[in-house]
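**Student:** Provided below: final37.txt, containing compact mmCIF, C-alpha atoms.
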# COMPACT_ATOMS: atom_id res chain seq x y z
CA MET A 18 104.52 76.61 75.98
CA ALA A 19 101.87 79.14 77.01
CA GLN A 20 102.96 81.99 79.23
CA ASN A 21 101.01 84.04 81.75
CA GLU A 22 101.09 87.54 80.24
CA LEU A 23 99.52 89.22 83.27
CA PHE A 24 101.42 92.09 84.88
CA PRO A 25 100.94 92.02 88.67
CA ILE A 26 100.26 95.30 90.44
CA PHE A 27 99.07 96.22 93.90
CA LEU A 28 96.29 98.79 93.87
CA LYS A 29 95.59 101.34 96.60
CA LEU A 30 91.85 100.68 96.69
CA ASN A 31 91.39 103.35 99.35
CA THR A 32 92.28 105.95 96.70
CA LEU A 33 90.05 104.49 93.97
CA ASP A 34 86.31 104.39 93.41
CA VAL A 35 85.12 100.81 92.91
CA LEU A 36 81.72 99.67 91.65
CA LEU A 37 80.54 96.15 92.43
CA VAL A 38 77.48 95.03 90.48
CA GLY A 39 75.91 92.07 92.26
CA GLY A 40 74.79 91.44 95.81
CA GLY A 41 74.75 87.64 95.93
CA ASN A 42 77.31 85.04 97.00
CA VAL A 43 79.84 86.01 94.33
CA GLY A 44 79.42 89.67 95.23
CA LEU A 45 80.06 88.79 98.87
CA GLU A 46 83.18 86.86 97.87
CA LYS A 47 84.52 89.79 95.83
CA ILE A 48 83.77 92.50 98.39
CA SER A 49 85.22 90.46 101.25
CA ALA A 50 88.43 89.88 99.27
CA MET A 51 88.75 93.61 98.63
CA LEU A 52 87.97 94.69 102.20
CA GLN A 53 90.20 92.05 103.78
CA ASN A 54 93.10 93.45 101.78
CA SER A 55 92.08 97.11 101.86
CA PRO A 56 89.72 97.85 104.77
CA GLU A 57 89.39 101.50 103.70
CA ALA A 58 88.41 100.63 100.09
CA ARG A 59 85.63 102.81 98.73
CA ILE A 60 83.10 100.47 97.15
CA THR A 61 79.57 101.00 95.89
CA VAL A 62 77.42 97.88 95.55
CA VAL A 63 74.53 98.01 93.06
CA ALA A 64 72.05 95.14 92.93
CA PRO A 65 68.28 94.63 93.06
CA MET A 66 68.78 92.07 95.84
CA ILE A 67 71.46 92.11 98.54
CA LEU A 68 72.19 89.04 100.66
CA ASP A 69 71.78 89.57 104.39
CA SER A 70 75.27 88.09 104.84
CA LEU A 71 76.72 90.78 102.54
CA ARG A 72 74.92 93.50 104.50
CA GLU A 73 76.22 92.01 107.73
CA TYR A 74 79.77 91.76 106.37
CA ILE A 75 79.96 95.43 105.36
CA ARG A 76 78.17 96.94 108.36
CA HIS A 77 81.48 98.05 109.92
CA PHE A 78 82.74 99.59 106.69
CA GLU A 79 81.10 103.01 106.65
CA GLN A 80 82.68 103.95 103.31
CA VAL A 81 80.87 101.08 101.51
CA GLN A 82 77.59 102.13 99.97
CA ILE A 83 74.68 99.92 98.88
CA ILE A 84 72.26 100.95 96.14
CA GLU A 85 69.45 98.41 96.02
CA ARG A 86 68.14 98.56 92.45
CA GLU A 87 68.97 97.40 88.94
CA PHE A 88 72.25 98.63 87.40
CA GLN A 89 72.01 101.91 85.49
CA GLU A 90 74.67 103.21 83.10
CA GLN A 91 75.28 106.32 85.21
CA ASP A 92 76.53 103.97 87.96
CA LEU A 93 79.76 103.91 85.95
CA ASP A 94 80.30 107.67 86.28
CA ASN A 95 83.56 108.52 88.07
CA ARG A 96 84.52 104.87 88.67
CA ASP A 97 88.09 103.61 88.51
CA LEU A 98 87.32 99.88 88.68
CA VAL A 99 84.22 97.81 88.07
CA ILE A 100 83.59 94.27 89.26
CA LEU A 101 80.64 92.34 87.83
CA ALA A 102 79.30 89.55 90.02
CA THR A 103 75.75 88.77 88.94
CA ASP A 104 74.29 85.64 87.41
CA ASN A 105 73.37 87.54 84.23
CA PRO A 106 75.96 87.02 81.42
CA GLN A 107 74.03 89.36 79.08
CA LEU A 108 74.21 92.18 81.63
CA HIS A 109 77.91 91.49 82.12
CA ALA A 110 78.59 91.71 78.37
CA THR A 111 76.66 94.98 78.08
CA ILE A 112 78.41 96.59 81.06
CA LYS A 113 81.81 95.31 79.89
CA ALA A 114 81.31 96.92 76.47
CA THR A 115 80.52 100.24 78.16
CA THR A 116 83.49 100.05 80.54
CA LYS A 117 85.75 99.39 77.55
CA GLN A 118 84.41 102.51 75.78
CA ARG A 119 84.92 104.55 78.96
CA ARG A 120 88.36 103.05 79.60
CA ILE A 121 87.37 101.73 83.03
CA LEU A 122 89.08 98.51 84.10
CA CYS A 123 86.60 95.69 84.63
CA ASN A 124 86.59 92.24 86.23
CA VAL A 125 83.80 89.86 85.25
CA ALA A 126 83.36 87.01 87.71
CA ASP A 127 83.98 83.57 86.22
CA THR A 128 84.44 85.00 82.70
CA PRO A 129 88.21 85.35 82.15
CA HIS A 130 87.95 86.41 78.49
CA LEU A 131 85.98 89.54 79.50
CA CYS A 132 88.33 90.54 82.33
CA ASP A 133 90.85 93.38 82.21
CA PHE A 134 92.27 92.09 85.48
CA TYR A 135 91.82 89.18 87.86
CA LEU A 136 91.49 89.13 91.62
CA GLY A 137 94.25 86.75 92.65
CA SER A 138 94.51 84.49 95.63
CA ILE A 139 96.42 86.37 98.32
CA VAL A 140 98.72 85.46 101.18
CA GLN A 141 99.22 88.20 103.77
CA LYS A 142 101.39 88.18 106.83
CA GLY A 143 101.83 91.68 108.20
CA ASP A 144 103.27 93.89 105.47
CA LEU A 145 104.19 90.90 103.31
CA LYS A 146 101.61 90.29 100.60
CA ILE A 147 101.90 87.70 97.85
CA ALA A 148 99.35 87.49 95.04
CA ILE A 149 98.95 84.26 93.07
CA SER A 150 97.64 84.02 89.52
CA THR A 151 96.80 81.03 87.36
CA ASN A 152 95.84 83.32 84.47
CA GLY A 153 92.19 82.67 85.30
CA LYS A 154 92.53 78.95 84.57
CA SER A 155 92.26 77.43 88.02
CA PRO A 156 91.14 79.39 91.08
CA THR A 157 91.35 76.08 92.97
CA MET A 158 95.08 75.75 92.20
CA ALA A 159 95.65 79.36 93.30
CA LYS A 160 93.77 78.62 96.53
CA ARG A 161 95.90 75.52 97.23
CA ILE A 162 99.15 77.43 96.61
CA ARG A 163 97.88 80.20 98.91
CA GLU A 164 97.17 77.65 101.64
CA PHE A 165 100.64 76.15 101.18
CA LEU A 166 102.40 79.52 101.41
CA ASP A 167 100.21 80.60 104.32
CA ASN A 168 101.34 77.51 106.23
CA ILE A 169 105.08 77.80 105.52
CA ILE A 170 105.54 81.56 105.99
CA PRO A 171 105.86 82.22 109.72
CA ASP A 172 103.35 84.53 111.38
CA ASN A 173 106.20 86.60 112.83
CA ILE A 174 107.63 87.49 109.38
CA GLN A 175 106.78 91.12 110.21
CA ASN A 176 109.71 91.18 112.67
CA LEU A 177 112.09 90.24 109.86
CA LEU A 178 110.60 92.87 107.55
CA ASP A 179 110.93 95.56 110.22
CA ASN A 180 114.55 94.56 110.93
CA LEU A 181 115.45 94.58 107.23
CA ARG A 182 113.89 98.02 106.88
CA GLU A 183 116.07 99.34 109.71
CA ILE A 184 119.17 97.75 108.18
CA ARG A 185 118.30 99.27 104.80
CA LYS A 186 117.89 102.74 106.35
CA SER A 187 121.27 102.46 108.09
CA ILE A 188 123.34 101.38 105.07
CA GLN A 189 125.64 104.06 103.74
CA GLY A 190 126.58 104.26 100.09
CA ASP A 191 124.87 104.23 96.73
CA PHE A 192 122.10 101.96 95.50
CA GLN A 193 124.53 99.22 94.43
CA GLU A 194 126.13 99.16 97.88
CA LYS A 195 122.73 98.88 99.56
CA ILE A 196 121.82 95.96 97.29
CA ARG A 197 125.13 94.22 98.05
CA VAL A 198 124.71 94.54 101.83
CA LEU A 199 121.06 93.47 101.80
CA ASN A 200 121.94 90.48 99.63
CA GLU A 201 124.56 89.43 102.18
CA VAL A 202 122.16 89.86 105.09
CA THR A 203 119.34 87.91 103.43
CA ALA A 204 121.44 85.15 101.84
CA SER A 205 120.98 82.97 104.90
CA LEU A 206 117.21 82.93 104.27
CA VAL A 207 117.67 80.83 101.13
CA GLU A 208 120.87 78.87 101.83
CA LYS A 209 120.46 75.13 102.18
CA LYS A 210 121.31 73.82 105.59
CA LYS A 211 124.38 71.64 105.53
Transcribe the structure of this file into structure tokens.
**Tutor:**
Amino acid sequence: MAQNELFPIFLKLNTLDVLLVGGGNVGLEKISAMLQNSPEARITVVAPMILDSLREYIRHFEQVQIIEREFQEQDLDNRDLVILATDNPQLHATIKATTKQRRILCNVADTPHLCDFYLGSIVQKGDLKIAISTNGKSPTMAKRIREFLDNIIPDNIQNLLDNLREIRKSIQGDFQEKIRVLNEVTASLVEKKK
């Protein structure tokens, strides 16, 4: 049986420098996903054509920069992450080869075999964030699971998180004791009702 070998991490995009190559619908999808999850993300968009809807979306994000021209190799200078979202597979392959040489992580839209990482489907309720991966095989499945989780996780989950944080801060003892107490407190969240 195949196994998803991806290692999930949560990036602090506001501390990284992100390059998005592409200003069309896919570029809009990628930038909106990043800014919804990290409104302070520093992103530079490079494309010869930028959709008006993308311009409109980012107008309140002063840290997002648009460079309206063809991609140039120096656009990769000082980047931490690169996301490719054009309709030009040849350009994607060329840029991907360069990011690999420079050791810059790269996501290539709709081309899983060229990706160093994927942008997962995300559920967020307050501080709770759950990322869903299908190993690039079915974004539609990830979307459906996100919708399911979004519906069953209550909007007021933040209250529970805040309360658990206060309980955690008040527990005396070593790490093992804290785990034991928090396990007792949260056990009722997963117990079957009798």
**Student:** Taking all atoms listed in the file into account, produce a table as a tab-separated table in which each residue of region 36-144 of chain A with an atom at most 8 Å from an atom of region 164-171 of chain A appears once, together with its shortest atom pair and the distance in Å to one decimal, ordered by chain and rising number.
**Tutor:**
residue	atom	partner	partner_atom	distance
A:Val140	CA	A:Asp167	CA	6.0
A:Gln141	CA	A:Asp167	CA	7.7
A:Lys142	CA	A:Ile170	CA	7.9
**Student:** In terms of the shortest atom-to-atom distance over all atoms listed in the file, which of A:Gln80, A:Thr61, A:Gln53, A:Ser138 is closest to Ile100 (chain A)?
**Tutor:**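 Comparing A:Gln80, A:Thr61, A:Gln53, A:Ser138 against Ile100 (chain A), the winner is A:Thr61.
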**Student:** Write out as a ChimeraX atom specification the residues lying within 6 Å of region 85-94 of chain A, counting all atoms listed in the file and excluding same-chain residues fewer than 5 positions away.
**Tutor:** /A:63-65
**Student:** I'd like to know which of A:Gln82, A:Thr128, A:Thr115, A:Gln175 is closest to Ile67 (chain A), using all atoms listed in the file.
**Tutor:**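 Among A:Gln82, A:Thr128, A:Thr115, A:Gln175, it is A:Gln82 that comes nearest to Ile67 (chain A).
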**Student:** Would you mind reading off the distance between CA of Ile184 (chain A) and CA of Lys146 (chain A), one decimal, in Å?
**Tutor:**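 Separation between CA of Ile184 (chain A) and CA of Lys146 (chain A): 20.5 Å.
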**Student:** Give me the box for region 150-160 of chain A as JSON, namely the centre and edge lengths in Å to one decimal of a box along x, y and z that holds every listed atom plus 6 Å on each side.
**Tutor:**
{"center_x": 94.4, "center_y": 79.9, "center_z": 90.5, "size_x": 18.5, "size_y": 20.3, "size_z": 24.1}
**Student:** Which polymer residues have any atom within 7 Å of an atom of Asp97 (chain A), counting all atoms listed in the file, with same-chain residues fewer than 6 positions away left out, as an MDAnalysis selection string?
**Tutor:** chainID A and resid 33:35 121:122
**Student:** Go ahead and write the residues just picked, C-alpha atoms, as a CSV table (one decimal), in the frame of the given file.
**Tutor:**
chain,number,residue,atom,x,y,z
A,33,LEU,CA,90.0,104.5,94.0
A,34,ASP,CA,86.3,104.4,93.4
A,35,VAL,CA,85.1,100.8,92.9
A,121,ILE,CA,87.4,101.7,83.0
A,122,LEU,CA,89.1,98.5,84.1
**Student:** Which residue, A:Leu131, A:Ile147, A:Met51, A:Leu98, has the smallest gap to Thr111 (chain A) when you use all atoms listed in the file?
**Tutor:**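 Closest to Thr111 (chain A), using all atoms listed in the file: A:Leu131.
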**Student:** So, with only C-alpha atoms as the atoms that count, which of A:Arg163, A:Arg96, A:His109, A:Arg59 lies closest to Val81 (chain A)?
**Tutor:**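 Among A:Arg163, A:Arg96, A:His109, A:Arg59, it is A:Arg59 that comes nearest to Val81 (chain A).
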**Student:** Excluding Val99 (chain A) and any residue of its chain fewer than 5 positions from it, enumerate the residues within 6 Å of it, using all atoms listed in the file, and give them as a list in words.
**Tutor:** Val35, Leu36, Leu37 and Cys123 of chain A
**Student:** Using all atoms listed in the file, pick whichever of A:Asp179, A:Gln189, A:His130, A:Thr151 has the shortest atom-to-atom distance to Asn21 (chain A).
**Tutor:**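 Looking at the shortest contact to Asn21 (chain A), the residue is A:Thr151.
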**Student:** Report, in Å to a single decimal, how far apart CA of Thr103 (chain A) and CA of Val43 (chain A) are.
**Tutor:** 7.3 Å
**Student:** From the options A:Val38, A:Leu30, A:Leu177, A:Leu71, which residue's atoms come nearest to Ser55 (chain A), counting all atoms listed in the file?
**Tutor:**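 That would be A:Leu30, the residue with the smallest distance to Ser55 (chain A).
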**Student:** Between CA of Glu79 (chain A) and CA of Ile60 (chain A), what is the spacing in Å?
**Tutor:**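 About the pair CA of Ile60 (chain A) and CA of Glu79 (chain A): they are 10.0 Å apart.
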**Student:** Counting only C-alpha atoms, find the residues whose atoms lie at most 9 Å from (122.2, 94.9, 106.6) (file coordinates) and write them out as a ChimeraX atom specification.
**Tutor:** /A:180-188,195,198-203
